[in-house]
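A short write-up of the structure that comes next.
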Amino acid sequence: MAMLTLENIAVSYDQQFILKDFNLSVEKGSLISLLGPSGCGKTTTLRLIAGFLEAKEGKFALNGKDYTRVPVNKRNFGFVFQSYALFPHLSVYDNVAFGLRLRKVNKSDVDRRVRRMLDIVNLNGFEQRYPKELSGGQRQRVAIARALVIEPDLLLFDEPLSNLDANLRVNMRVEIRRIQQELGITTVYVSHDQEECFSISDQVAIMNKGIIEQLDKPSTIFKFPKIRIRGAFHRLQQFYLLR
Amino acid sequence: MRQKNRGLGLFTFFIYLFLLGPLVIIAFASFEPGSAMKFPPQGFSLKWYQNIFEVSMFKTSFITSILVSLIGNLLALLLGLPAAYALSRFQFRGKEALNAIFISPVLIPGIVLGFTMLKYVIITYNIPVYSALLIGHAVIMLPFIIRVIASSLSNFDFAVEEASLSLGAGRLKTFFTVVLPNIKSGIIAAVLIAFLESFNNVDISVFMTGPGISTFPIQMLLYVENNFDPTIAAISVLLMLFTAVLMFIIERLMGLSYFTKR
Ligand SMILES: Nc1ncnc2c1ncn2[C@@H]1O[C@H](COP(=O)(O)OP(=O)(O)OP(=O)(O)O)[C@@H](O)[C@H]1O
Ligand SMILES: [Mg+2]
């Protein structure tokens, strides 16, 4: 059952169309990643889904509900930013509690849910720290906890690992995948790192110049790639097939 | 190399001497017991400090100046905060022009600005003296408010604002709970800098003041025209201390880089 659907979406900046007749459907509880070269419209797609951008045409629905005209703050989606975008003036605890307090959740429930979420992202004992007192990976996990604690209907990631070093990137993506599967939350993940996309996704959408060239399971894309195979992709494919 | 450094040191020394020398002389002269300023002073007395509080026009004009600076500051802040936010946050047509208009009061000579405002605004609309002073001072404070707050906003990552929206806060709520707390020190610094600018202003104020209503710096000028005693030196020392305290607070909040950057 498709749960997230984009139908004939068009987005333009000024006069130029970035997305046109864009279609996408994602199954409930799965993680789909958008992969493609810089400037192909990945962030645009994600920001449209999040509600930061408005579609000129088309329809976006989730679980059968039309979200096309719903403002960002009424959507209940979790967004994890490339720069993490933690609130600098709030402690880790208050960062994570922010969304719950807006939802008028009572104090003891806020406390229980924040602590549980910090448990999930392995940040017990960091409650009173401020974002500037954390490492990149820790900030990243606070950002994930903050987006997850509101029990979002959809989770959106925009290159969440690109500011981390190589080792941490691998650890974090495993962790993201684990949390996503544990909570069974539908997720759209943007990256231009092929390895990253293929290793954590149920499905990968290969984008180019505002259109999806191929949308399939990683293994299918490796076996039957519709796109021209470039060097790096080729090596990765060999590696995958040999396994 | 060594030689060069020594030359530079000497140069710096003279710069400081020229900058600080007069202030030191004034400070010493303010303790002169006689009725004419002398350096070095012929004794030690605080009587001219006492005299400040006995000249009634100092007292009334001081209150006027404080009120005008504070209320004008509030007006400038109400206008300048949203302006600085919009100029930093959004791209829109005419943004550069708007920026230039907001900054122009610092670029135009005060005498010109004061005279123009008097002739085309104050007289045309027959604005009473107090309101005229307020308007004039709000206008000269506005650029400082906008510049300092905008410079504080330039360190603010607007993705943080989007994070707040995505977590369910509306635009207004986001502004007050997320943006404001993060530029708080910038706002305080802006208010203090603008206050100094307004409190010390003479060139605009002379056009806006009227019968019986005057500002403190203008009264100081009038006083030295007729009196040669060290009262003015005593006032200067108090104002220097006052300014030093404000500058110290600004330094703590934002660093003084704001002054060297432009
Ligand atoms: N605010 C904007 N105004 C005008 N054009 C924009 C704006 N934001 C993005 N674009 C353009 O839209 C296109 C798609 O941008 P987008 O950010 O979606 O790319 P991306 O796939 O996320 O790239 P990257 O991998 O570099 O992040 C680009 O050509 C970009 O120049
Ligand atoms: Mg992008």
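Just so we're on the same page: first chain in the structure tokens is A, next is B, and so on; residues restart at 1 for each chain, and ligands are numbered from 1 in the order they show up.
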
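Residues in contact range of region 238-247 of chain B, defined as at most 10 Å between only C-alpha atoms, with sequence neighbours fewer than 5 positions away removed, read Leu23, Ala27, Tyr49, Ala189, Leu192, Ile193, Phe195, Leu196, Asn200, Ile232, Ala233, Arg252, Leu253, Gly255 and Leu256 of chain B.
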
Exercise for the section: Kindly provide, as a list of chain:residue names, all nucleotide and amino acid residues lying within 10 Å of ligand 2, counting only C-alpha atoms and all ligand atoms. Expected result: A:Gly36, A:Pro37, A:Ser38, A:Gly39, A:Cys40, A:Gly41, A:Lys42, A:Thr43, A:Thr44, A:Thr45, A:Leu46, A:Arg47, A:Gln82, A:Asp158, A:Glu159, A:Val190, A:Ser191, A:His192

Write the residues you've just listed into a file as a CSV table (one decimal), in the first residue's frame, and include N, CA and C atoms for each of them.
chain,number,residue,atom,x,y,z
A,36,GLY,N,21.2,11.6,-6.2
A,36,GLY,CA,21.5,12.2,-7.5
A,36,GLY,C,22.5,13.3,-7.4
A,37,PRO,N,23.0,13.8,-8.5
A,37,PRO,CA,24.0,14.8,-8.5
A,37,PRO,C,23.6,16.1,-7.9
A,38,SER,N,24.5,17.0,-7.5
A,38,SER,CA,24.2,18.3,-6.9
A,38,SER,C,23.3,19.1,-7.8
A,39,GLY,N,22.3,19.7,-7.3
A,39,GLY,CA,21.4,20.6,-8.0
A,39,GLY,C,20.3,19.9,-8.8
A,40,CYS,N,20.1,18.5,-8.6
A,40,CYS,CA,19.1,17.8,-9.3
A,40,CYS,C,17.7,18.0,-8.7
A,41,GLY,N,17.6,18.5,-7.5
A,41,GLY,CA,16.3,18.8,-7.0
A,41,GLY,C,15.9,17.9,-5.8
A,42,LYS,N,16.9,17.3,-5.1
A,42,LYS,CA,16.6,16.4,-4.0
A,42,LYS,C,16.1,17.3,-2.8
A,43,THR,N,16.9,18.3,-2.5
A,43,THR,CA,16.4,19.1,-1.3
A,43,THR,C,15.1,19.8,-1.6
A,44,THR,N,14.9,20.2,-2.9
A,44,THR,CA,13.7,20.8,-3.3
A,44,THR,C,12.5,19.9,-3.0
A,45,THR,N,12.7,18.6,-3.4
A,45,THR,CA,11.6,17.6,-3.2
A,45,THR,C,11.3,17.5,-1.7
A,46,LEU,N,12.4,17.4,-0.9
A,46,LEU,CA,12.2,17.2,0.5
A,46,LEU,C,11.5,18.4,1.2
A,47,ARG,N,11.9,19.6,0.8
A,47,ARG,CA,11.4,20.8,1.4
A,47,ARG,C,9.9,21.0,0.9
A,82,GLN,N,20.7,19.3,7.5
A,82,GLN,CA,22.1,19.1,7.2
A,82,GLN,C,23.0,19.7,8.3
A,158,ASP,N,17.8,15.5,5.3
A,158,ASP,CA,18.5,16.2,4.2
A,158,ASP,C,20.0,16.1,4.5
A,159,GLU,N,20.6,15.1,3.8
A,159,GLU,CA,22.1,14.9,4.0
A,159,GLU,C,22.5,15.0,5.4
A,190,VAL,N,17.6,12.0,1.9
A,190,VAL,CA,18.3,12.6,0.8
A,190,VAL,C,19.8,12.6,1.0
A,191,SER,N,20.5,12.2,-0.1
A,191,SER,CA,22.0,12.1,0.0
A,191,SER,C,22.6,12.1,-1.4
A,192,HIS,N,23.8,12.5,-1.5
A,192,HIS,CA,24.4,12.3,-2.8
A,192,HIS,C,25.6,11.2,-2.7

Handout entry: chain A contacts on chain B, only C-alpha atoms, 7 Å, as a list in words
Key =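 So the contacting residues turn out to be Ala159, Val160, Ala163, Leu165, Ser166, Leu167, Gly168, Ala169, Gly170, Pro181 and Asn182 of chain B.
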
May I have a table of the residues of chain B lying at most 12 Å from ligand 1, giving each one's closest pair of atoms and their distance in Å to one decimal, counting only C-alpha atoms and all ligand atoms, ordered by chain and ascending residue number, as JSON lines?
{"residue": "B:Phe90", "atom": "CA", "partner": "ligand 1", "partner_atom_place_in_ligand_line": "1 (N)", "distance": 10.4}
{"residue": "B:Gln91", "atom": "CA", "partner": "ligand 1", "partner_atom_place_in_ligand_line": "1 (N)", "distance": 9.2}
{"residue": "B:Phe92", "atom": "CA", "partner": "ligand 1", "partner_atom_place_in_ligand_line": "3 (N)", "distance": 11.6}

Write a file of the selected residues as an mmCIF file, in the first residue's frame, keeping N, CA and C atoms.
data_model
loop_
_atom_site.group_PDB
_atom_site.id
_atom_site.type_symbol
_atom_site.label_atom_id
_atom_site.label_comp_id
_atom_site.auth_asym_id
_atom_site.auth_seq_id
_atom_site.Cartn_x
_atom_site.Cartn_y
_atom_site.Cartn_z
ATOM 1 N N PHE B 90 14.933 37.729 4.435
ATOM 2 C CA PHE B 90 14.266 37.527 3.153
ATOM 3 C C PHE B 90 15.004 38.179 1.998
ATOM 4 N N GLN B 91 14.825 37.604 0.836
ATOM 5 C CA GLN B 91 15.273 38.230 -0.391
ATOM 6 C C GLN B 91 14.042 38.866 -1.027
ATOM 7 N N PHE B 92 14.113 40.146 -1.335
ATOM 8 C CA PHE B 92 12.963 40.732 -2.017
ATOM 9 C C PHE B 92 13.414 41.909 -2.863
#

Fill in the blank from the handout: The distance between CA of Gln180 (chain A) and CA of Arg113 (chain A) is 16.7 Å

Problem - DSSP-assigned alpha helix (DSSP H) among region 107-251 of chain B, expressed as a ChimeraX atom specification - result: /B:107,110-117,129-153,159-166,171-174,180-182,184-199,205-208,216-226,231-251

Practice task
Find the spatial neighbours of Asp66 (chain A), counting only C-alpha atoms, within a cut-off of 12 Å - ignore same-chain residues fewer than 4 positions away - and output them as a count of residues only.
Solution key: 14

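Atom pair CA of Ser35 (chain B) / CA of Ile66 (chain B) has a distance of 29.0 Å (rounded to one decimal).
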
Practice task
Write out as a PyMOL selection string which residues come within 10 Å of Ser69 (chain B) when counting only C-alpha atoms, dropping same-chain ones fewer than 6 positions away.
Solution key: chain B and resi 63+75+133-134+137-138+141+191+194-201
